[in-house]
$ cat data_39.txt   # compact mmCIF, C-alpha atoms
# COMPACT_ATOMS: atom_id res chain seq x y z
CA MET A 1 180.31 60.58 89.32
CA ALA A 2 178.52 63.58 90.76
CA TYR A 3 179.10 66.98 89.25
CA SER A 4 179.38 69.96 91.58
CA GLU A 5 176.61 72.55 91.54
CA LYS A 6 178.88 75.07 89.84
CA VAL A 7 179.68 72.64 87.03
CA ILE A 8 175.99 71.92 86.52
CA ASP A 9 175.19 75.64 86.52
CA HIS A 10 177.79 76.37 83.82
CA TYR A 11 176.80 73.28 81.88
CA GLU A 12 173.11 74.14 81.87
CA ASN A 13 173.61 77.88 81.41
CA PRO A 14 176.93 78.22 79.60
CA ARG A 15 178.15 81.84 79.46
CA ASN A 16 179.47 83.38 76.28
CA VAL A 17 178.99 80.55 73.81
CA GLY A 18 179.83 81.57 70.26
CA SER A 19 182.50 82.80 67.93
CA PHE A 20 184.31 85.92 66.73
CA ASP A 21 185.88 86.31 63.30
CA LYS A 22 189.25 84.62 63.75
CA GLU A 23 190.79 86.74 60.93
CA ASP A 24 190.08 89.93 62.92
CA LYS A 25 193.37 91.30 64.28
CA SER A 26 191.81 92.19 67.62
CA VAL A 27 190.66 88.60 68.12
CA ALA A 28 192.84 85.98 69.78
CA THR A 29 191.90 82.38 69.05
CA GLY A 30 193.05 79.42 71.10
CA MET A 31 192.31 75.91 69.81
CA VAL A 32 193.20 73.01 72.07
CA GLY A 33 192.21 69.38 72.39
CA ALA A 34 192.66 66.62 74.96
CA PRO A 35 193.64 63.33 73.28
CA ALA A 36 192.73 61.38 76.43
CA CYS A 37 189.01 62.08 75.98
CA GLY A 38 188.76 63.65 72.51
CA ASP A 39 187.49 66.98 73.86
CA VAL A 40 187.93 69.99 71.60
CA MET A 41 187.88 73.58 72.90
CA LYS A 42 187.95 76.91 71.10
CA LEU A 43 188.44 80.05 73.17
CA GLN A 44 188.35 83.50 71.58
CA LEU A 45 189.27 86.78 73.23
CA LYS A 46 188.46 90.24 71.87
CA ILE A 47 191.24 92.64 72.82
CA ASP A 48 190.75 96.42 72.95
CA ASP A 49 193.37 99.07 72.03
CA ASN A 50 194.76 99.08 75.56
CA GLY A 51 195.46 95.36 75.53
CA VAL A 52 192.49 94.58 77.77
CA ILE A 53 190.14 91.67 77.07
CA GLU A 54 186.75 93.27 76.42
CA ASP A 55 184.87 90.14 75.47
CA ALA A 56 185.34 86.37 75.30
CA LYS A 57 183.54 83.50 73.62
CA PHE A 58 183.97 79.76 73.58
CA LYS A 59 182.83 76.63 71.86
CA THR A 60 183.58 73.27 73.44
CA TYR A 61 182.79 69.71 72.43
CA GLY A 62 183.32 67.61 75.50
CA CYS A 63 182.04 66.58 78.88
CA GLY A 64 180.28 68.81 81.43
CA SER A 65 183.54 69.64 83.18
CA ALA A 66 185.20 70.79 79.96
CA ILE A 67 182.22 72.97 79.09
CA ALA A 68 182.09 74.41 82.61
CA SER A 69 185.85 75.10 82.63
CA SER A 70 185.72 77.04 79.38
CA SER A 71 182.52 78.86 80.35
CA LEU A 72 184.08 79.93 83.65
CA VAL A 73 187.24 81.12 81.93
CA THR A 74 185.29 83.41 79.58
CA GLU A 75 183.84 85.11 82.65
CA TRP A 76 187.16 85.39 84.44
CA VAL A 77 189.22 86.85 81.58
CA LYS A 78 186.92 89.77 80.84
CA GLY A 79 188.48 93.05 81.96
CA LYS A 80 191.89 91.46 82.41
CA THR A 81 195.00 92.28 80.42
CA LEU A 82 196.53 89.47 78.38
CA GLU A 83 199.31 89.19 80.93
CA GLU A 84 196.84 88.83 83.81
CA ALA A 85 194.75 86.31 81.86
CA GLY A 86 197.89 84.28 81.15
CA LYS A 87 198.32 83.78 84.87
CA ILE A 88 195.02 81.94 85.35
CA SER A 89 195.98 78.41 86.32
CA ASN A 90 194.22 75.11 86.07
CA THR A 91 194.33 74.74 89.87
CA GLU A 92 192.23 77.90 90.28
CA ILE A 93 189.74 76.63 87.71
CA SER A 94 189.45 73.14 89.20
CA ALA A 95 189.18 74.57 92.74
CA GLU A 96 186.38 76.96 91.73
CA LEU A 97 184.44 74.15 90.02
CA ALA A 98 185.36 71.48 92.61
CA LEU A 99 186.53 69.15 89.85
CA PRO A 100 187.40 65.59 90.88
CA PRO A 101 190.93 64.34 90.05
CA VAL A 102 189.79 62.48 86.91
CA LYS A 103 188.51 65.78 85.49
CA ILE A 104 191.57 67.89 86.19
CA HIS A 105 192.56 67.58 82.53
CA CYS A 106 189.47 69.65 81.64
CA SER A 107 190.84 72.58 83.63
CA ILE A 108 194.29 72.06 82.07
CA LEU A 109 192.58 72.28 78.69
CA ALA A 110 190.98 75.61 79.64
CA GLU A 111 194.29 77.01 80.93
CA ASP A 112 196.06 75.91 77.75
CA ALA A 113 193.30 77.48 75.66
CA ILE A 114 194.02 80.89 77.23
CA LYS A 115 197.75 80.45 76.58
CA ALA A 116 197.14 79.32 72.98
CA ALA A 117 194.91 82.38 72.42
CA ILE A 118 197.58 84.72 73.77
CA ASP A 119 200.20 83.11 71.51
CA ASP A 120 197.85 83.50 68.55
CA TYR A 121 197.33 87.19 69.34
CA LYS A 122 201.05 87.84 69.67
CA SER A 123 201.96 86.10 66.44
CA LYS A 124 199.14 87.92 64.63
CA ASN A 125 200.20 91.34 65.89
CA THR A 126 203.98 91.14 65.58
CA ALA A 127 204.29 89.58 62.12
CA GLU A 128 203.69 92.81 60.22
CA MET B 1 207.03 38.16 77.63
CA ASN B 2 205.25 41.05 75.90
CA TYR B 3 201.72 40.88 74.50
CA PHE B 4 202.88 40.22 70.94
CA GLU B 5 205.13 37.38 72.08
CA LEU B 6 202.28 35.98 74.16
CA PHE B 7 200.19 35.78 70.99
CA SER B 8 203.13 34.69 68.77
CA LEU B 9 202.62 37.75 66.60
CA PRO B 10 205.29 40.04 65.12
CA ALA B 11 205.52 43.32 67.07
CA LEU B 12 204.01 45.39 64.27
CA PHE B 13 201.15 47.86 64.10
CA SER B 14 199.22 45.90 61.49
CA VAL B 15 197.85 42.77 63.10
CA ASP B 16 196.11 39.81 61.51
CA GLN B 17 192.80 40.12 63.37
CA ILE B 18 191.61 36.63 62.49
CA ARG B 19 194.79 35.04 63.79
CA LEU B 20 194.58 37.24 66.86
CA SER B 21 191.04 36.01 67.72
CA GLU B 22 191.95 32.38 67.03
CA THR B 23 195.03 32.53 69.23
CA TYR B 24 192.98 34.26 71.90
CA ARG B 25 190.45 31.40 71.99
CA GLU B 26 193.21 28.79 72.09
CA LEU B 27 195.06 30.52 74.92
CA GLN B 28 191.86 31.06 76.89
CA LYS B 29 191.04 27.38 76.61
CA GLN B 30 194.56 26.40 77.65
CA PHE B 31 194.51 28.53 80.80
CA HIS B 32 190.82 28.42 81.67
CA PRO B 33 190.38 28.37 85.48
CA ASP B 34 188.10 25.31 85.21
CA LYS B 35 191.02 23.24 83.96
CA PHE B 36 192.91 24.02 87.14
CA ALA B 37 190.11 23.25 89.60
CA MET B 38 191.92 20.16 90.88
CA HIS B 39 195.37 21.77 90.99
CA SER B 40 197.12 23.34 93.95
CA ASP B 41 196.28 26.87 95.11
CA SER B 42 199.46 28.30 93.67
CA GLU B 43 198.87 26.67 90.29
CA ARG B 44 195.28 27.93 90.27
CA LEU B 45 196.46 31.44 91.08
CA ALA B 46 199.11 31.30 88.34
CA ALA B 47 196.51 30.15 85.80
CA MET B 48 194.17 32.95 86.85
CA GLN B 49 196.91 35.54 86.45
CA LYS B 50 197.80 34.14 83.04
CA SER B 51 194.16 34.26 82.02
CA THR B 52 193.94 37.92 83.06
CA GLU B 53 197.12 38.70 81.14
CA ILE B 54 195.72 37.01 78.04
CA ASN B 55 192.58 39.14 78.30
CA ASP B 56 194.55 42.36 78.75
CA ALA B 57 196.79 41.46 75.82
CA TYR B 58 193.81 40.70 73.60
CA GLN B 59 192.02 43.96 74.43
CA THR B 60 195.24 45.89 73.75
CA LEU B 61 196.12 44.20 70.48
CA LYS B 62 192.57 44.29 69.12
CA ASN B 63 192.21 48.07 69.36
CA SER B 64 194.34 50.13 66.97
CA CYS B 65 194.85 53.02 69.40
CA LEU B 66 195.84 50.82 72.33
CA ARG B 67 198.03 48.68 70.09
CA ALA B 68 199.90 51.73 68.79
CA GLN B 69 200.30 53.05 72.34
CA TYR B 70 201.64 49.68 73.43
CA LEU B 71 204.17 49.60 70.58
CA LEU B 72 205.32 53.08 71.60
CA LEU B 73 205.65 51.85 75.17
CA LEU B 74 207.78 48.90 74.01
CA ASN B 75 209.98 51.50 72.32
CA GLY B 76 210.27 53.46 75.57
CA LEU B 77 207.63 56.15 74.95
CA ASP B 78 204.69 56.03 77.39
CA ILE B 79 201.77 58.23 76.29
CA ALA B 80 198.90 56.17 77.77
CA LEU B 81 198.29 58.34 80.83
CA GLU B 82 199.58 61.68 79.59
CA GLN B 83 197.38 64.72 80.18
CA ARG B 84 198.98 67.05 77.67
CA THR B 85 196.88 68.99 75.23
CA LEU B 86 197.11 68.95 71.47
CA GLN B 87 197.54 72.38 69.87
CA ASP B 88 197.52 71.61 66.15
CA THR B 89 195.10 74.39 65.13
CA ASP B 90 194.25 73.16 61.63
CA PHE B 91 193.57 69.64 62.81
CA LEU B 92 191.42 70.84 65.72
CA MET B 93 189.47 73.31 63.54
CA GLN B 94 188.66 70.38 61.27
CA GLN B 95 187.61 68.31 64.28
CA MET B 96 185.32 71.10 65.42
CA GLU B 97 183.77 71.41 61.96
CA TRP B 98 183.10 67.68 61.89
CA ARG B 99 181.52 67.81 65.36
CA GLU B 100 179.32 70.68 64.15
CA THR B 101 178.34 68.64 61.10
CA ILE B 102 177.38 65.68 63.28
CA ALA B 103 175.33 67.98 65.53
CA SER B 104 173.46 69.35 62.49
CA PHE B 105 172.31 65.99 61.10
CA THR B 106 168.61 65.13 61.31
CA GLU B 107 166.66 61.96 60.57
CA ASN B 108 166.29 63.14 56.94
CA ASP B 109 170.04 63.04 56.35
CA GLU B 110 170.56 59.30 56.11
CA ASP B 111 172.50 59.54 52.81
CA LYS B 112 174.59 62.45 54.01
CA ILE B 113 175.42 60.62 57.23
CA GLU B 114 176.52 57.59 55.25
CA ASP B 115 178.84 59.72 53.07
CA PHE B 116 180.18 61.46 56.14
CA ALA B 117 180.83 58.15 57.93
CA GLY B 118 182.65 56.87 54.83
CA ASN B 119 184.86 59.95 54.80
CA ILE B 120 185.70 59.59 58.50
CA GLU B 121 186.51 55.90 58.01
CA GLN B 122 188.86 56.84 55.16
CA GLN B 123 190.58 59.41 57.37
CA VAL B 124 191.03 56.80 60.10
CA GLN B 125 192.57 54.36 57.61
CA ASN B 126 194.94 57.04 56.29
CA LEU B 127 196.02 57.84 59.81
CA GLU B 128 196.57 54.15 60.62
CA LEU B 129 198.68 53.76 57.50
CA LEU B 130 200.73 56.77 58.55
CA ILE B 131 201.23 55.26 62.02
CA THR B 132 202.41 52.00 60.43
CA LEU B 133 205.05 53.87 58.43
CA GLN B 134 206.12 56.10 61.32
CA LEU B 135 206.56 53.11 63.63
CA GLN B 136 208.50 51.23 60.95
CA GLU B 137 210.82 54.22 60.59
CA LYS B 138 211.08 54.53 64.40
CA GLN B 139 209.79 58.10 64.21
CA LEU B 140 208.37 57.73 67.69
CA GLU B 141 207.40 61.34 68.43
CA ALA B 142 205.70 61.67 65.06
CA ALA B 143 203.92 58.34 65.60
CA ALA B 144 202.81 59.46 69.07
CA ASP B 145 201.33 62.60 67.54
CA SER B 146 199.44 60.52 64.99
CA VAL B 147 198.10 58.28 67.77
CA ARG B 148 196.85 61.38 69.62
CA LYS B 149 195.04 62.42 66.44
CA LEU B 150 193.64 58.91 66.01
CA LYS B 151 192.04 59.25 69.46
CA PHE B 152 190.09 62.29 68.27
CA MET B 153 189.02 60.41 65.13
CA LEU B 154 187.80 57.45 67.18
CA LYS B 155 185.91 59.83 69.48
CA LEU B 156 184.28 61.27 66.36
CA LYS B 157 183.23 57.78 65.29
CA ILE B 158 181.67 57.16 68.71
CA GLU B 159 179.74 60.44 68.46
CA LEU B 160 178.54 59.43 65.02
CA ASP B 161 177.42 55.99 66.22
CA LEU B 162 175.52 57.59 69.11
CA LEU B 163 173.79 59.96 66.71
CA GLU B 164 172.78 57.14 64.37
CA GLU B 165 171.39 55.20 67.31
CA LYS B 166 169.41 58.25 68.42
CA LEU B 167 168.03 59.03 64.96
CA PHE B 168 167.31 55.61 63.51
CA ASP B 169 166.81 53.08 66.30
$ encode --input "data_39.txt" --output "structure tokens"
Amino acid sequence: MAYSEKVIDHYENPRNVGSFDKEDKSVATGMVGAPACGDVMKLQLKIDDNGVIEDAKFKTYGCGSAIASSSLVTEWVKGKTLEEAGKISNTEISAELALPPVKIHCSILAEDAIKAAIDDYKSKNTAE
Amino acid sequence: MNYFELFSLPALFSVDQIRLSETYRELQKQFHPDKFAMHSDSERLAAMQKSTEINDAYQTLKNSCLRAQYLLLLNGLDIALEQRTLQDTDFLMQQMEWRETIASFTENDEDKIEDFAGNIEQQVQNLELLITLQLQEKQLEAAADSVRKLKFMLKLKIELDLLEEKLFD
């Protein structure tokens, strides 16, 4: 199966690989996995005082499409509020990367990672 | 006739692998296309279909993940083609740590790799035992969740095998 140029670009030059301290209250961590292929994805968002995502990092063990999906998402979420980031959908991700149908689950994984991170941030910052 | 019935095995998660292979060979012999060379077209076709079914059944029953999925299906829960994500943070953090460990191994770590592989194998066995119990108790959703976790463990084993091949072959 041929990867699109955008997937190859993100795969060869992944943006924002790394980690933040997950105990930090300004850090939202989303951990998700796809049982179908065993891919594991960690997405972390650093939120400023105004609720805007100032930085994002990811670590993904999986295929090129999963790595590209998470890499792309870290670029997209920067500068967005949590609410805006929560609206990013897997169809936008798969369209941008021209993912074939069998790789749609990689973009679902990336969308769910954003949602899981937002949930993590909310539960961290309401349970005082 | 379901796959277990085809192989005259009880519909349980733990399967006698020796009996499974023996029955497979017997059935394959019985329905081998060569034996039907002189039969009518429709009989040949029927034998070929049976032979394919025997193969599918064998592949399903041999593999613990596929077998568990098939048992869930027989109980009305189809998870084979689902695309949902798993969000068990502790489990996934552990998966990520193990992947990082595998990535850090070098050709000087033969002993460490062996210990690590032993630990993973133990985890797989624990999970399979849990699936046995959950299926016995008809806790289908819980069993399905364990099967999803088993898929990650088997992926981990594949990654480990690939690494060993790369380092030592």
$ closest_residue --input "data_39.txt" --among "B:Ile79, B:Leu73, B:Ala68, B:Leu133" --to "chain A" --atoms "all atoms listed in the file"
B:Ile79
$ interface_residues --input "data_39.txt" --of "chain B" --to "chain A" --cutoff "8 Å" --atoms "only C-alpha atoms" --output "count of residues only"
20
$ atom_distance --input "data_39.txt" --atom1 "CA of Arg19 (chain B)" --atom2 "CA of Leu61 (chain B)"
11.4 Å
$ residues_around --input "data_39.txt" --residues "region 73-86 of chain A" --least-positions-apart "3" --cutoff "7 Å" --atoms "all atoms listed in the file" --output "count of residues only"
13
$ atom_distance --input "data_39.txt" --atom1 "CA of Asp48 (chain A)" --atom2 "CA of Leu72 (chain A)"
20.8 Å
$ decode --input "data_39.txt" --residues "region 7-41 of chain B" --atoms "N, CA and C atoms" --output "PDB file, in the first residue's frame"
ATOM      1  N   PHE B   7     -14.946 -29.683  14.766  1.00  0.00           N
ATOM      2  CA  PHE B   7     -13.770 -30.387  15.273  1.00  0.00           C
ATOM      3  C   PHE B   7     -14.105 -31.289  16.467  1.00  0.00           C
ATOM      4  N   SER B   8     -15.384 -31.480  16.756  1.00  0.00           N
ATOM      5  CA  SER B   8     -15.828 -32.286  17.909  1.00  0.00           C
ATOM      6  C   SER B   8     -15.128 -31.869  19.198  1.00  0.00           C
ATOM      7  N   LEU B   9     -15.049 -30.565  19.403  1.00  0.00           N
ATOM      8  CA  LEU B   9     -14.419 -30.044  20.615  1.00  0.00           C
ATOM      9  C   LEU B   9     -15.471 -29.291  21.425  1.00  0.00           C
ATOM     10  N   PRO B  10     -15.339 -29.293  22.769  1.00  0.00           N
ATOM     11  CA  PRO B  10     -16.271 -28.483  23.569  1.00  0.00           C
ATOM     12  C   PRO B  10     -16.022 -26.997  23.286  1.00  0.00           C
ATOM     13  N   ALA B  11     -17.089 -26.212  23.276  1.00  0.00           N
ATOM     14  CA  ALA B  11     -16.963 -24.781  22.956  1.00  0.00           C
ATOM     15  C   ALA B  11     -16.414 -24.029  24.163  1.00  0.00           C
ATOM     16  N   LEU B  12     -15.115 -24.235  24.413  1.00  0.00           N
ATOM     17  CA  LEU B  12     -14.454 -23.612  25.560  1.00  0.00           C
ATOM     18  C   LEU B  12     -13.207 -22.882  25.079  1.00  0.00           C
ATOM     19  N   PHE B  13     -12.746 -21.925  25.901  1.00  0.00           N
ATOM     20  CA  PHE B  13     -11.571 -21.164  25.501  1.00  0.00           C
ATOM     21  C   PHE B  13     -10.305 -22.020  25.517  1.00  0.00           C
ATOM     22  N   SER B  14     -10.188 -22.903  26.515  1.00  0.00           N
ATOM     23  CA  SER B  14      -8.979 -23.737  26.520  1.00  0.00           C
ATOM     24  C   SER B  14      -9.221 -24.940  25.608  1.00  0.00           C
ATOM     25  N   VAL B  15      -8.288 -25.095  24.673  1.00  0.00           N
ATOM     26  CA  VAL B  15      -8.443 -26.120  23.643  1.00  0.00           C
ATOM     27  C   VAL B  15      -7.237 -27.051  23.679  1.00  0.00           C
ATOM     28  N   ASP B  16      -7.507 -28.344  23.586  1.00  0.00           N
ATOM     29  CA  ASP B  16      -6.441 -29.332  23.513  1.00  0.00           C
ATOM     30  C   ASP B  16      -5.784 -29.216  22.130  1.00  0.00           C
ATOM     31  N   GLN B  17      -4.593 -28.581  22.102  1.00  0.00           N
ATOM     32  CA  GLN B  17      -3.960 -28.263  20.820  1.00  0.00           C
ATOM     33  C   GLN B  17      -3.545 -29.511  20.038  1.00  0.00           C
ATOM     34  N   ILE B  18      -3.176 -30.551  20.777  1.00  0.00           N
ATOM     35  CA  ILE B  18      -2.749 -31.780  20.094  1.00  0.00           C
ATOM     36  C   ILE B  18      -3.943 -32.412  19.392  1.00  0.00           C
ATOM     37  N   ARG B  19      -5.054 -32.491  20.129  1.00  0.00           N
ATOM     38  CA  ARG B  19      -6.270 -33.055  19.539  1.00  0.00           C
ATOM     39  C   ARG B  19      -6.743 -32.207  18.360  1.00  0.00           C
ATOM     40  N   LEU B  20      -6.595 -30.895  18.519  1.00  0.00           N
ATOM     41  CA  LEU B  20      -7.000 -29.987  17.445  1.00  0.00           C
ATOM     42  C   LEU B  20      -6.221 -30.295  16.157  1.00  0.00           C
ATOM     43  N   SER B  21      -4.881 -30.429  16.273  1.00  0.00           N
ATOM     44  CA  SER B  21      -4.061 -30.688  15.080  1.00  0.00           C
ATOM     45  C   SER B  21      -4.376 -32.053  14.479  1.00  0.00           C
ATOM     46  N   GLU B  22      -4.585 -33.040  15.368  1.00  0.00           N
ATOM     47  CA  GLU B  22      -4.883 -34.393  14.858  1.00  0.00           C
ATOM     48  C   GLU B  22      -6.198 -34.399  14.079  1.00  0.00           C
ATOM     49  N   THR B  23      -7.216 -33.785  14.685  1.00  0.00           N
ATOM     50  CA  THR B  23      -8.521 -33.735  14.024  1.00  0.00           C
ATOM     51  C   THR B  23      -8.419 -32.981  12.705  1.00  0.00           C
ATOM     52  N   TYR B  24      -7.612 -31.925  12.721  1.00  0.00           N
ATOM     53  CA  TYR B  24      -7.419 -31.138  11.495  1.00  0.00           C
ATOM     54  C   TYR B  24      -6.879 -32.011  10.364  1.00  0.00           C
ATOM     55  N   ARG B  25      -5.856 -32.809  10.680  1.00  0.00           N
ATOM     56  CA  ARG B  25      -5.258 -33.671   9.646  1.00  0.00           C
ATOM     57  C   ARG B  25      -6.256 -34.711   9.138  1.00  0.00           C
ATOM     58  N   GLU B  26      -7.018 -35.280  10.090  1.00  0.00           N
ATOM     59  CA  GLU B  26      -8.028 -36.272   9.688  1.00  0.00           C
ATOM     60  C   GLU B  26      -9.081 -35.663   8.757  1.00  0.00           C
ATOM     61  N   LEU B  27      -9.580 -34.496   9.170  1.00  0.00           N
ATOM     62  CA  LEU B  27     -10.632 -33.845   8.375  1.00  0.00           C
ATOM     63  C   LEU B  27     -10.106 -33.452   6.995  1.00  0.00           C
ATOM     64  N   GLN B  28      -8.872 -32.943   6.969  1.00  0.00           N
ATOM     65  CA  GLN B  28      -8.291 -32.531   5.691  1.00  0.00           C
ATOM     66  C   GLN B  28      -8.165 -33.721   4.746  1.00  0.00           C
ATOM     67  N   LYS B  29      -7.772 -34.860   5.312  1.00  0.00           N
ATOM     68  CA  LYS B  29      -7.634 -36.062   4.502  1.00  0.00           C
ATOM     69  C   LYS B  29      -9.002 -36.472   3.935  1.00  0.00           C
ATOM     70  N   GLN B  30      -9.986 -36.428   4.833  1.00  0.00           N
ATOM     71  CA  GLN B  30     -11.349 -36.856   4.490  1.00  0.00           C
ATOM     72  C   GLN B  30     -11.945 -36.021   3.352  1.00  0.00           C
ATOM     73  N   PHE B  31     -11.638 -34.722   3.361  1.00  0.00           N
ATOM     74  CA  PHE B  31     -12.269 -33.840   2.363  1.00  0.00           C
ATOM     75  C   PHE B  31     -11.273 -33.304   1.335  1.00  0.00           C
ATOM     76  N   HIS B  32     -10.134 -33.953   1.215  1.00  0.00           N
ATOM     77  CA  HIS B  32      -9.121 -33.466   0.281  1.00  0.00           C
ATOM     78  C   HIS B  32      -9.670 -33.467  -1.151  1.00  0.00           C
ATOM     79  N   PRO B  33      -9.487 -32.380  -1.895  1.00  0.00           N
ATOM     80  CA  PRO B  33     -10.025 -32.284  -3.260  1.00  0.00           C
ATOM     81  C   PRO B  33      -9.629 -33.457  -4.159  1.00  0.00           C
ATOM     82  N   ASP B  34      -8.426 -34.020  -3.949  1.00  0.00           N
ATOM     83  CA  ASP B  34      -7.980 -35.146  -4.774  1.00  0.00           C
ATOM     84  C   ASP B  34      -8.928 -36.344  -4.683  1.00  0.00           C
ATOM     85  N   LYS B  35      -9.516 -36.517  -3.505  1.00  0.00           N
ATOM     86  CA  LYS B  35     -10.403 -37.664  -3.304  1.00  0.00           C
ATOM     87  C   LYS B  35     -11.706 -37.520  -4.092  1.00  0.00           C
ATOM     88  N   PHE B  36     -11.954 -36.276  -4.534  1.00  0.00           N
ATOM     89  CA  PHE B  36     -13.224 -36.024  -5.223  1.00  0.00           C
ATOM     90  C   PHE B  36     -13.028 -35.778  -6.721  1.00  0.00           C
ATOM     91  N   ALA B  37     -11.825 -36.097  -7.203  1.00  0.00           N
ATOM     92  CA  ALA B  37     -11.496 -35.826  -8.603  1.00  0.00           C
ATOM     93  C   ALA B  37     -12.474 -36.506  -9.562  1.00  0.00           C
ATOM     94  N   MET B  38     -12.938 -37.690  -9.191  1.00  0.00           N
ATOM     95  CA  MET B  38     -13.816 -38.446 -10.079  1.00  0.00           C
ATOM     96  C   MET B  38     -15.296 -38.201  -9.800  1.00  0.00           C
ATOM     97  N   HIS B  39     -15.584 -37.333  -8.825  1.00  0.00           N
ATOM     98  CA  HIS B  39     -16.988 -37.078  -8.482  1.00  0.00           C
ATOM     99  C   HIS B  39     -17.584 -36.000  -9.386  1.00  0.00           C
ATOM    100  N   SER B  40     -18.876 -35.769  -9.192  1.00  0.00           N
ATOM    101  CA  SER B  40     -19.563 -34.760  -9.997  1.00  0.00           C
ATOM    102  C   SER B  40     -19.085 -33.360  -9.603  1.00  0.00           C
ATOM    103  N   ASP B  41     -19.367 -32.380 -10.467  1.00  0.00           N
ATOM    104  CA  ASP B  41     -18.963 -31.005 -10.203  1.00  0.00           C
ATOM    105  C   ASP B  41     -19.483 -30.518  -8.862  1.00  0.00           C
TER     106      ASP B  41
END
